[in-house]
Amino acid sequence: MATFAVVVVIAIAIFFRIGMRSWFRWDDWDFLANRTAGDLHGLLVPHGDHWSAVPILTYRVLWQFFGLEFAAYLFTAIALHVVSAVLLWVVIRRAGAGPWIATAAASLFALFGVGYENTAFLFGLNFGGWPVVFGLLYLILADHDGPFDRRDWLGLFAGLGAIASSGVGVAMVVAVGVATLMRRGRRAAVAHVLPLAALYVGWYLAFANKEATGSTVSDVVRFIVDAGSGIFLELGQSYVAAIALVVVLIVGLELAWQPLKREELRVRASLPFGLLIGALAFLAITGYNRSGLPGTARLSHYMDAAAVMVLPALAVAAQTIARRVPKLALVVPLVFLVGIPGNLAALEDGVDAQEAFAEHQERLMLTVPRTSLAANTQRDLVPEPIFSSPASIGWLRTGLASGRLPTPPKHPPVTLDGEIELRLSLQQTNGLADWAPCRTLHVPVVQEVVTGQHISLGRGFVTISLLRGDRWTKAVNFGQPFADRYFARLGETLTAVRGPLVLRIGPVPNRDNWVCGLSS
């Protein structure tokens, strides 16, 4: 345990150092600017597909005490990750693995850089951190013999926290239900699963988005296979290591469970087998909702949530092989350790790819409310409608007045002032304005617009620059994020809230567009 404690400290230091190159994005702004702790309806309305009451409350508490100090949110996400790793170590030990195998497997998860979205990008606060912590705690509390007691009641509260955190929590409750059924029988399993299932179904019927996803059975199966193979590849960081992990899992579990009598098997296999079924449930649920979106099966935050459910079975399998073949006792832990360097490189690469974007977003969002132009802008205007919606000027200025907005980074680019003027001159709203003509842009066009004039985007992106004096400002993207893959909305409309403005409007390379309201 002392060795694993050192690993945890190292993980915190690494994730915090690299994660500080990131900043708030997408989902974060819904919890920061669009939800409040005192609004019960807001706590129940889903974020995307998820019941997100616990993440909302987390963001509200952090906002109250730390404002937009990113370090506080990052540290909380990392803390949830390392607590998950510690609870995983406990589960692996309870499942029968020795201390060194447990330390190797839990260390791989503690340093699982492929899951950087759950730490550096704060998905651990709004997707995978809370439900994993609550779910593993629930599993540990329910893992005992005898009648329903105080541990089970505490476990049910943990299960409630899991399902009220994201869809990952549903998979964790499935894992607890299977593990409890195996170890304690049908009555205990029903006592654990039925209340939480009834509560979740009630929430789903009342609040969840029930639009058809269009996913077929074959789509879901393909998603499960793609994501499942991805888990082993990301854990091992090479095809050789991934194949070795699969072989260890299959051979080791056969050796571990085949000779056991039925009653002994129910106890020994309950935790790892329950989590494997939980992982399958997680991939099936996610595949049903996301299999129609290309390239999503191996997203970082999915891999992170699924890996924690697969590792206990891998650890039990590895421990069995080490016991059966003593000559391999020193070699088997390497199947976990060999993937750590590649995972740390993946963490660095994942954050590096977004560092310039994060730095620009931070400068923009912290500078905008401090400008004199912002004081004369309508409060509902959103300066960054794609990546930072719904953070309006009014919300940013209120945060500035309350002291919750930190000082912008030093030395903003010289083009930022022009970009801010452009962003505070155009209001983006959902839907097309009800007029034509519409056309696809192939080359940039220049157009003068007056206050109240509309330009609609039927689909895709356009870049817009503002003429200031005799030069154009930096081009800014406006439109739907990933509209061709993610959203089926009718379109977006840009309305000039001050003018006249001279704009240069052009296509985004490799993105289709359909623009209405331009001069012919």
# chains A, B, ... in the order shown; residues from 1 in each chain; ligands from 1

call {"tool": "residues_around", "arguments": {"residues": "Val476 (chain A)", "least_positions_apart": "3", "cutoff": "9 Å", "atoms": "only C-alpha atoms", "output": "NGL selection string"}}
result
:A and (419 or 422-423 or 462-465 or 473)

call {"tool": "select_by_dssp", "arguments": {"residues": "region 234-465 of chain A", "states": "helix (DSSP H, G or I)", "output": "number ranges by chain"}}
result
A: 234-236, 239-257, 262-268, 270-290, 300-324, 326-328, 334-337, 340-370, 372-375, 393-401, 416-423

call {"tool": "residues_around", "arguments": {"residues": "region 107-109 of chain A", "least_positions_apart": "4", "cutoff": "7 Å", "atoms": "only C-alpha atoms", "output": "ChimeraX atom specification"}}
result
/A:4,7,85,103,308,336-337,340

call {"tool": "write_last_selection", "arguments": {"atoms": "all heavy atoms", "output": "compact mmCIF listing (two decimals), in the first residue's frame"}}
result
# COMPACT_ATOMS: atom_id res chain seq x y z
N PHE A 4 1.81 2.06 -3.51
CA PHE A 4 0.70 2.65 -4.26
C PHE A 4 0.44 4.09 -3.83
O PHE A 4 0.06 4.93 -4.66
CB PHE A 4 -0.56 1.80 -4.08
CG PHE A 4 -1.71 2.28 -4.91
CD1 PHE A 4 -1.62 2.38 -6.28
CD2 PHE A 4 -2.90 2.64 -4.30
CE1 PHE A 4 -2.68 2.83 -7.05
CE2 PHE A 4 -3.97 3.09 -5.05
CZ PHE A 4 -3.86 3.18 -6.43
N VAL A 7 2.63 6.18 -5.82
CA VAL A 7 2.11 6.29 -7.18
C VAL A 7 1.00 7.34 -7.24
O VAL A 7 0.94 8.15 -8.18
CB VAL A 7 1.59 4.93 -7.67
CG1 VAL A 7 0.85 5.08 -9.01
CG2 VAL A 7 2.73 3.94 -7.82
N ALA A 85 -8.94 5.38 -8.11
CA ALA A 85 -7.82 4.43 -8.16
C ALA A 85 -7.63 3.72 -6.82
O ALA A 85 -7.36 2.50 -6.78
CB ALA A 85 -6.54 5.16 -8.56
N THR A 103 -1.43 -3.47 -6.77
CA THR A 103 -0.73 -2.19 -6.92
C THR A 103 -0.40 -1.92 -8.38
O THR A 103 -0.55 -0.79 -8.87
CB THR A 103 0.56 -2.19 -6.08
OG1 THR A 103 0.19 -2.28 -4.70
CG2 THR A 103 1.37 -0.93 -6.32
N VAL A 308 -11.75 1.09 -15.67
CA VAL A 308 -11.83 0.81 -14.23
C VAL A 308 -12.70 -0.41 -13.94
O VAL A 308 -12.53 -1.08 -12.92
CB VAL A 308 -12.37 2.06 -13.48
CG1 VAL A 308 -13.86 2.21 -13.64
CG2 VAL A 308 -12.01 2.02 -12.01
N PHE A 336 0.70 -4.96 -16.77
CA PHE A 336 0.08 -3.71 -16.35
C PHE A 336 1.06 -2.53 -16.46
O PHE A 336 0.68 -1.43 -16.88
CB PHE A 336 -0.42 -3.82 -14.91
CG PHE A 336 -1.43 -4.89 -14.70
CD1 PHE A 336 -1.10 -6.08 -14.06
CD2 PHE A 336 -2.74 -4.73 -15.14
CE1 PHE A 336 -2.03 -7.08 -13.86
CE2 PHE A 336 -3.68 -5.73 -14.95
CZ PHE A 336 -3.33 -6.91 -14.31
N LEU A 337 2.29 -2.76 -16.10
CA LEU A 337 3.26 -1.66 -16.03
C LEU A 337 3.76 -1.21 -17.40
O LEU A 337 4.15 -0.05 -17.58
CB LEU A 337 4.45 -2.07 -15.17
CG LEU A 337 4.12 -2.49 -13.73
CD1 LEU A 337 5.39 -2.90 -12.99
CD2 LEU A 337 3.40 -1.37 -12.99
N ILE A 340 2.21 2.03 -18.92
CA ILE A 340 2.24 3.31 -18.22
C ILE A 340 3.00 4.39 -18.98
O ILE A 340 2.51 5.53 -19.12
CB ILE A 340 2.77 3.13 -16.79
CG1 ILE A 340 1.74 2.37 -15.95
CG2 ILE A 340 3.10 4.48 -16.15
CD1 ILE A 340 2.19 2.05 -14.53

call {"tool": "residues_around", "arguments": {"residues": "Arg290 (chain A)", "least_positions_apart": "5", "cutoff": "8 Å", "atoms": "only C-alpha atoms", "output": "ChimeraX atom specification"}}
result
/A:213,215,296-297

call {"tool": "residues_around", "arguments": {"residues": "region 359-370 of chain A", "least_positions_apart": "2", "cutoff": "9 Å", "atoms": "only C-alpha atoms", "output": "PDB file with N, CA, C and O atoms, in the first residue's frame"}}
result
ATOM      1  N   ARG A  21      -2.493  23.317 -18.312  1.00  0.00           N
ATOM      2  CA  ARG A  21      -2.414  23.890 -19.654  1.00  0.00           C
ATOM      3  C   ARG A  21      -3.773  23.847 -20.355  1.00  0.00           C
ATOM      4  O   ARG A  21      -3.890  24.260 -21.509  1.00  0.00           O
ATOM      5  N   SER A  22      -4.775  23.326 -19.670  1.00  0.00           N
ATOM      6  CA  SER A  22      -6.123  23.259 -20.222  1.00  0.00           C
ATOM      7  C   SER A  22      -6.970  24.385 -19.620  1.00  0.00           C
ATOM      8  O   SER A  22      -6.472  25.211 -18.845  1.00  0.00           O
ATOM      9  N   TRP A  23      -8.263  24.401 -19.977  1.00  0.00           N
ATOM     10  CA  TRP A  23      -9.193  25.382 -19.399  1.00  0.00           C
ATOM     11  C   TRP A  23     -10.619  24.893 -19.625  1.00  0.00           C
ATOM     12  O   TRP A  23     -10.831  23.810 -20.164  1.00  0.00           O
ATOM     13  N   PHE A  24     -11.592  25.677 -19.173  1.00  0.00           N
ATOM     14  CA  PHE A  24     -12.995  25.298 -19.296  1.00  0.00           C
ATOM     15  C   PHE A  24     -13.410  25.181 -20.764  1.00  0.00           C
ATOM     16  O   PHE A  24     -12.905  25.903 -21.616  1.00  0.00           O
ATOM     17  N   ARG A  25     -14.389  24.297 -21.004  1.00  0.00           N
ATOM     18  CA  ARG A  25     -14.878  24.106 -22.364  1.00  0.00           C
ATOM     19  C   ARG A  25     -16.262  23.475 -22.337  1.00  0.00           C
ATOM     20  O   ARG A  25     -16.687  22.920 -21.333  1.00  0.00           O
ATOM     21  N   GLN A 354      -4.648  20.669 -27.472  1.00  0.00           N
ATOM     22  CA  GLN A 354      -5.673  21.665 -27.161  1.00  0.00           C
ATOM     23  C   GLN A 354      -5.112  22.880 -26.424  1.00  0.00           C
ATOM     24  O   GLN A 354      -5.872  23.781 -26.072  1.00  0.00           O
ATOM     25  N   GLU A 355      -3.801  22.931 -26.205  1.00  0.00           N
ATOM     26  CA  GLU A 355      -3.241  23.980 -25.356  1.00  0.00           C
ATOM     27  C   GLU A 355      -3.442  25.372 -25.942  1.00  0.00           C
ATOM     28  O   GLU A 355      -3.841  26.312 -25.235  1.00  0.00           O
ATOM     29  N   ALA A 356      -3.158  25.543 -27.240  1.00  0.00           N
ATOM     30  CA  ALA A 356      -3.303  26.859 -27.858  1.00  0.00           C
ATOM     31  C   ALA A 356      -4.761  27.311 -27.819  1.00  0.00           C
ATOM     32  O   ALA A 356      -5.060  28.481 -27.539  1.00  0.00           O
ATOM     33  N   PHE A 357      -5.677  26.386 -28.090  1.00  0.00           N
ATOM     34  CA  PHE A 357      -7.105  26.700 -28.029  1.00  0.00           C
ATOM     35  C   PHE A 357      -7.505  27.119 -26.618  1.00  0.00           C
ATOM     36  O   PHE A 357      -8.208  28.115 -26.417  1.00  0.00           O
ATOM     37  N   SER A 372     -14.705  48.198 -22.323  1.00  0.00           N
ATOM     38  CA  SER A 372     -15.756  49.225 -22.299  1.00  0.00           C
ATOM     39  C   SER A 372     -16.893  48.862 -23.245  1.00  0.00           C
ATOM     40  O   SER A 372     -18.054  49.203 -22.993  1.00  0.00           O
ATOM     41  N   LEU A 373     -16.590  48.154 -24.324  1.00  0.00           N
ATOM     42  CA  LEU A 373     -17.631  47.761 -25.268  1.00  0.00           C
ATOM     43  C   LEU A 373     -18.631  46.806 -24.618  1.00  0.00           C
ATOM     44  O   LEU A 373     -19.831  46.864 -24.910  1.00  0.00           O
ATOM     45  N   ALA A 374     -18.156  45.951 -23.709  1.00  0.00           N
ATOM     46  CA  ALA A 374     -19.045  44.991 -23.055  1.00  0.00           C
ATOM     47  C   ALA A 374     -20.089  45.686 -22.197  1.00  0.00           C
ATOM     48  O   ALA A 374     -21.212  45.196 -22.044  1.00  0.00           O
ATOM     49  N   ALA A 375     -19.722  46.847 -21.620  1.00  0.00           N
ATOM     50  CA  ALA A 375     -20.660  47.567 -20.757  1.00  0.00           C
ATOM     51  C   ALA A 375     -21.864  48.072 -21.537  1.00  0.00           C
ATOM     52  O   ALA A 375     -22.926  48.306 -20.956  1.00  0.00           O
ATOM     53  N   PRO A 383     -20.563  35.786 -26.276  1.00  0.00           N
ATOM     54  CA  PRO A 383     -19.416  36.124 -27.119  1.00  0.00           C
ATOM     55  C   PRO A 383     -18.759  34.927 -27.793  1.00  0.00           C
ATOM     56  O   PRO A 383     -18.125  35.082 -28.836  1.00  0.00           O
ATOM     57  N   GLU A 384     -18.856  33.735 -27.195  1.00  0.00           N
ATOM     58  CA  GLU A 384     -18.255  32.531 -27.776  1.00  0.00           C
ATOM     59  C   GLU A 384     -19.348  31.468 -27.885  1.00  0.00           C
ATOM     60  O   GLU A 384     -19.483  30.600 -27.033  1.00  0.00           O
ATOM     61  N   PHE A 387     -18.041  27.209 -28.356  1.00  0.00           N
ATOM     62  CA  PHE A 387     -17.313  26.430 -27.357  1.00  0.00           C
ATOM     63  C   PHE A 387     -17.574  26.878 -25.919  1.00  0.00           C
ATOM     64  O   PHE A 387     -17.221  26.161 -24.993  1.00  0.00           O
ATOM     65  N   SER A 388     -18.169  28.061 -25.736  1.00  0.00           N
ATOM     66  CA  SER A 388     -18.368  28.556 -24.375  1.00  0.00           C
ATOM     67  C   SER A 388     -19.809  28.953 -24.097  1.00  0.00           C
ATOM     68  O   SER A 388     -20.075  29.704 -23.171  1.00  0.00           O
ATOM     69  N   ALA A 391     -22.284  31.078 -21.684  1.00  0.00           N
ATOM     70  CA  ALA A 391     -21.679  32.140 -20.878  1.00  0.00           C
ATOM     71  C   ALA A 391     -21.911  33.486 -21.566  1.00  0.00           C
ATOM     72  O   ALA A 391     -21.163  33.888 -22.461  1.00  0.00           O
ATOM     73  N   ILE A 393     -22.568  37.745 -21.841  1.00  0.00           N
ATOM     74  CA  ILE A 393     -21.893  38.939 -21.322  1.00  0.00           C
ATOM     75  C   ILE A 393     -22.444  39.303 -19.953  1.00  0.00           C
ATOM     76  O   ILE A 393     -21.690  39.669 -19.038  1.00  0.00           O
ATOM     77  N   GLY A 394     -23.750  39.185 -19.777  1.00  0.00           N
ATOM     78  CA  GLY A 394     -24.333  39.513 -18.482  1.00  0.00           C
ATOM     79  C   GLY A 394     -23.795  38.620 -17.377  1.00  0.00           C
ATOM     80  O   GLY A 394     -23.457  39.084 -16.284  1.00  0.00           O
ATOM     81  N   LEU A 396     -20.927  36.950 -17.391  1.00  0.00           N
ATOM     82  CA  LEU A 396     -19.501  37.248 -17.194  1.00  0.00           C
ATOM     83  C   LEU A 396     -19.312  38.543 -16.413  1.00  0.00           C
ATOM     84  O   LEU A 396     -18.459  38.614 -15.516  1.00  0.00           O
ATOM     85  N   ARG A 397     -20.108  39.555 -16.706  1.00  0.00           N
ATOM     86  CA  ARG A 397     -19.959  40.830 -15.993  1.00  0.00           C
ATOM     87  C   ARG A 397     -20.407  40.713 -14.537  1.00  0.00           C
ATOM     88  O   ARG A 397     -19.820  41.319 -13.644  1.00  0.00           O
ATOM     89  N   THR A 398     -21.425  39.896 -14.290  1.00  0.00           N
ATOM     90  CA  THR A 398     -21.846  39.658 -12.904  1.00  0.00           C
ATOM     91  C   THR A 398     -20.743  38.925 -12.146  1.00  0.00           C
ATOM     92  O   THR A 398     -20.451  39.244 -10.981  1.00  0.00           O
ATOM     93  N   LEU A 400     -17.579  39.065 -12.819  1.00  0.00           N
ATOM     94  CA  LEU A 400     -16.486  40.035 -12.622  1.00  0.00           C
ATOM     95  C   LEU A 400     -16.792  40.944 -11.437  1.00  0.00           C
ATOM     96  O   LEU A 400     -15.914  41.191 -10.593  1.00  0.00           O
ATOM     97  N   LEU A 405     -14.006  36.295 -11.320  1.00  0.00           N
ATOM     98  CA  LEU A 405     -13.243  36.138 -12.545  1.00  0.00           C
ATOM     99  C   LEU A 405     -11.795  36.532 -12.286  1.00  0.00           C
ATOM    100  O   LEU A 405     -11.508  37.676 -11.938  1.00  0.00           O
ATOM    101  N   PRO A 406     -10.858  35.608 -12.433  1.00  0.00           N
ATOM    102  CA  PRO A 406      -9.447  35.942 -12.207  1.00  0.00           C
ATOM    103  C   PRO A 406      -8.919  36.878 -13.291  1.00  0.00           C
ATOM    104  O   PRO A 406      -9.564  37.102 -14.329  1.00  0.00           O
ATOM    105  N   THR A 407      -7.752  37.419 -13.046  1.00  0.00           N
ATOM    106  CA  THR A 407      -7.113  38.311 -14.012  1.00  0.00           C
ATOM    107  C   THR A 407      -6.740  37.527 -15.263  1.00  0.00           C
ATOM    108  O   THR A 407      -6.247  36.398 -15.172  1.00  0.00           O
ATOM    109  N   PRO A 408      -6.964  38.093 -16.459  1.00  0.00           N
ATOM    110  CA  PRO A 408      -6.591  37.381 -17.686  1.00  0.00           C
ATOM    111  C   PRO A 408      -5.086  37.136 -17.739  1.00  0.00           C
ATOM    112  O   PRO A 408      -4.302  37.862 -17.115  1.00  0.00           O
ATOM    113  N   PRO A 409      -4.657  36.120 -18.473  1.00  0.00           N
ATOM    114  CA  PRO A 409      -3.221  35.895 -18.650  1.00  0.00           C
ATOM    115  C   PRO A 409      -2.558  37.121 -19.253  1.00  0.00           C
ATOM    116  O   PRO A 409      -3.187  37.895 -19.983  1.00  0.00           O
ATOM    117  N   LYS A 410      -1.296  37.311 -18.969  1.00  0.00           N
ATOM    118  CA  LYS A 410      -0.581  38.486 -19.454  1.00  0.00           C
ATOM    119  C   LYS A 410      -0.338  38.395 -20.956  1.00  0.00           C
ATOM    120  O   LYS A 410      -0.331  37.325 -21.547  1.00  0.00           O
ATOM    121  N   PRO A 412      -1.987  39.490 -23.927  1.00  0.00           N
ATOM    122  CA  PRO A 412      -2.914  38.932 -24.919  1.00  0.00           C
ATOM    123  C   PRO A 412      -2.476  39.303 -26.324  1.00  0.00           C
ATOM    124  O   PRO A 412      -1.806  40.322 -26.526  1.00  0.00           O
ATOM    125  N   PRO A 413      -2.845  38.510 -27.318  1.00  0.00           N
ATOM    126  CA  PRO A 413      -2.437  38.822 -28.687  1.00  0.00           C
ATOM    127  C   PRO A 413      -2.978  40.172 -29.134  1.00  0.00           C
ATOM    128  O   PRO A 413      -4.042  40.611 -28.692  1.00  0.00           O
ATOM    129  N   LEU A 416      -6.644  40.458 -30.320  1.00  0.00           N
ATOM    130  CA  LEU A 416      -7.766  40.118 -29.451  1.00  0.00           C
ATOM    131  C   LEU A 416      -8.792  41.237 -29.388  1.00  0.00           C
ATOM    132  O   LEU A 416      -9.996  40.980 -29.377  1.00  0.00           O
ATOM    133  N   ASP A 417      -8.366  42.492 -29.362  1.00  0.00           N
ATOM    134  CA  ASP A 417      -9.317  43.593 -29.287  1.00  0.00           C
ATOM    135  C   ASP A 417     -10.258  43.580 -30.483  1.00  0.00           C
ATOM    136  O   ASP A 417     -11.462  43.769 -30.346  1.00  0.00           O
ATOM    137  N   GLU A 419     -11.010  41.003 -32.332  1.00  0.00           N
ATOM    138  CA  GLU A 419     -11.864  39.837 -32.220  1.00  0.00           C
ATOM    139  C   GLU A 419     -12.990  40.082 -31.233  1.00  0.00           C
ATOM    140  O   GLU A 419     -14.141  39.696 -31.469  1.00  0.00           O
ATOM    141  N   ILE A 420     -12.684  40.745 -30.119  1.00  0.00           N
ATOM    142  CA  ILE A 420     -13.723  41.036 -29.128  1.00  0.00           C
ATOM    143  C   ILE A 420     -14.785  41.949 -29.735  1.00  0.00           C
ATOM    144  O   ILE A 420     -15.987  41.742 -29.536  1.00  0.00           O
ATOM    145  N   LEU A 424     -18.701  40.899 -30.023  1.00  0.00           N
ATOM    146  CA  LEU A 424     -19.728  41.685 -29.326  1.00  0.00           C
ATOM    147  C   LEU A 424     -20.614  42.451 -30.296  1.00  0.00           C
ATOM    148  O   LEU A 424     -21.472  43.230 -29.871  1.00  0.00           O
TER     149      LEU A 424
END

call {"tool": "closest_residue", "arguments": {"among": "A:Ser238, A:Ser84, A:Thr371, A:Ser218", "to": "Gly292 (chain A)", "atoms": "only C-alpha atoms"}}
result
A:Ser218

call {"tool": "atom_distance", "arguments": {"atom1": "CA of Thr119 (chain A)", "atom2": "CA of Ala279 (chain A)"}}
result
20.1 Å

call {"tool": "closest_residue", "arguments": {"among": "A:Val220, A:Leu154, A:Val54, A:Val91", "to": "Gly169 (chain A)", "atoms": "only C-alpha atoms"}}
result
A:Val54

call {"tool": "residues_around", "arguments": {"residues": "Val310 (chain A)", "least_positions_apart": "6", "cutoff": "8 Å", "atoms": "only C-alpha atoms", "output": "tab-separated table (two decimals) with C-alpha atoms, in the first residue's frame"}}
result
chain	number	residue	atom	x	y	z
A	272	PRO	CA	-14.76	-8.85	-10.96
A	275	LEU	CA	-17.79	-5.17	-13.03
A	276	LEU	CA	-17.25	-6.95	-16.35
A	279	ALA	CA	-18.54	-2.57	-18.45

call {"tool": "closest_residue", "arguments": {"among": "A:Arg60, A:His41, A:Arg379, A:Arg186", "to": "Asp28 (chain A)", "atoms": "only C-alpha atoms"}}
result
A:Arg60

call {"tool": "atom_distance", "arguments": {"atom1": "CA of Trp89 (chain A)", "atom2": "CA of Ala197 (chain A)"}}
result
27.6 Å

call {"tool": "closest_residue", "arguments": {"among": "A:Val173, A:Leu457, A:Ala164, A:Val83", "to": "Gly135 (chain A)", "atoms": "only C-alpha atoms"}}
result
A:Val173

call {"tool": "closest_residue", "arguments": {"among": "A:Val90, A:Leu122, A:Ile386, A:Ile285", "to": "Met1 (chain A)", "atoms": "only C-alpha atoms"}}
result
A:Val90

call {"tool": "atom_distance", "arguments": {"atom1": "CA of Asn513 (chain A)", "atom2": "CA of Val443 (chain A)"}}
result
11.4 Å

call {"tool": "residues_around", "arguments": {"residues": "Leu194 (chain A)", "least_positions_apart": "4", "cutoff": "12 Å", "atoms": "only C-alpha atoms", "output": "PyMOL selection string"}}
result
chain A and resi 156+159-160+173-174+176-177+186-190+198-202

call {"tool": "write_last_selection", "arguments": {"atoms": "C-alpha atoms", "output": "PDB file, in the first residue's frame"}}
result
ATOM      1  CA  LEU A 156     -27.959   2.691  -1.666  1.00  0.00           C
ATOM      2  CA  GLY A 159     -25.857   4.242  -5.724  1.00  0.00           C
ATOM      3  CA  LEU A 160     -28.189   7.245  -5.800  1.00  0.00           C
ATOM      4  CA  VAL A 173     -25.496  -0.117 -10.369  1.00  0.00           C
ATOM      5  CA  VAL A 174     -25.774  -2.988 -12.861  1.00  0.00           C
ATOM      6  CA  VAL A 176     -23.465  -4.030  -8.020  1.00  0.00           C
ATOM      7  CA  GLY A 177     -26.685  -5.861  -8.853  1.00  0.00           C
ATOM      8  CA  ARG A 186     -31.879 -12.797  -5.412  1.00  0.00           C
ATOM      9  CA  ARG A 187     -33.477 -11.059  -2.449  1.00  0.00           C
ATOM     10  CA  ALA A 188     -30.428  -8.915  -1.660  1.00  0.00           C
ATOM     11  CA  ALA A 189     -29.938  -8.073  -5.337  1.00  0.00           C
ATOM     12  CA  VAL A 190     -33.562  -6.961  -5.701  1.00  0.00           C
ATOM     13  CA  ALA A 198     -37.454   2.669 -10.077  1.00  0.00           C
ATOM     14  CA  LEU A 199     -36.003   6.070  -9.244  1.00  0.00           C
ATOM     15  CA  TYR A 200     -33.975   6.225 -12.440  1.00  0.00           C
ATOM     16  CA  VAL A 201     -36.855   5.064 -14.645  1.00  0.00           C
ATOM     17  CA  GLY A 202     -39.095   7.676 -13.024  1.00  0.00           C
TER      18      GLY A 202
END
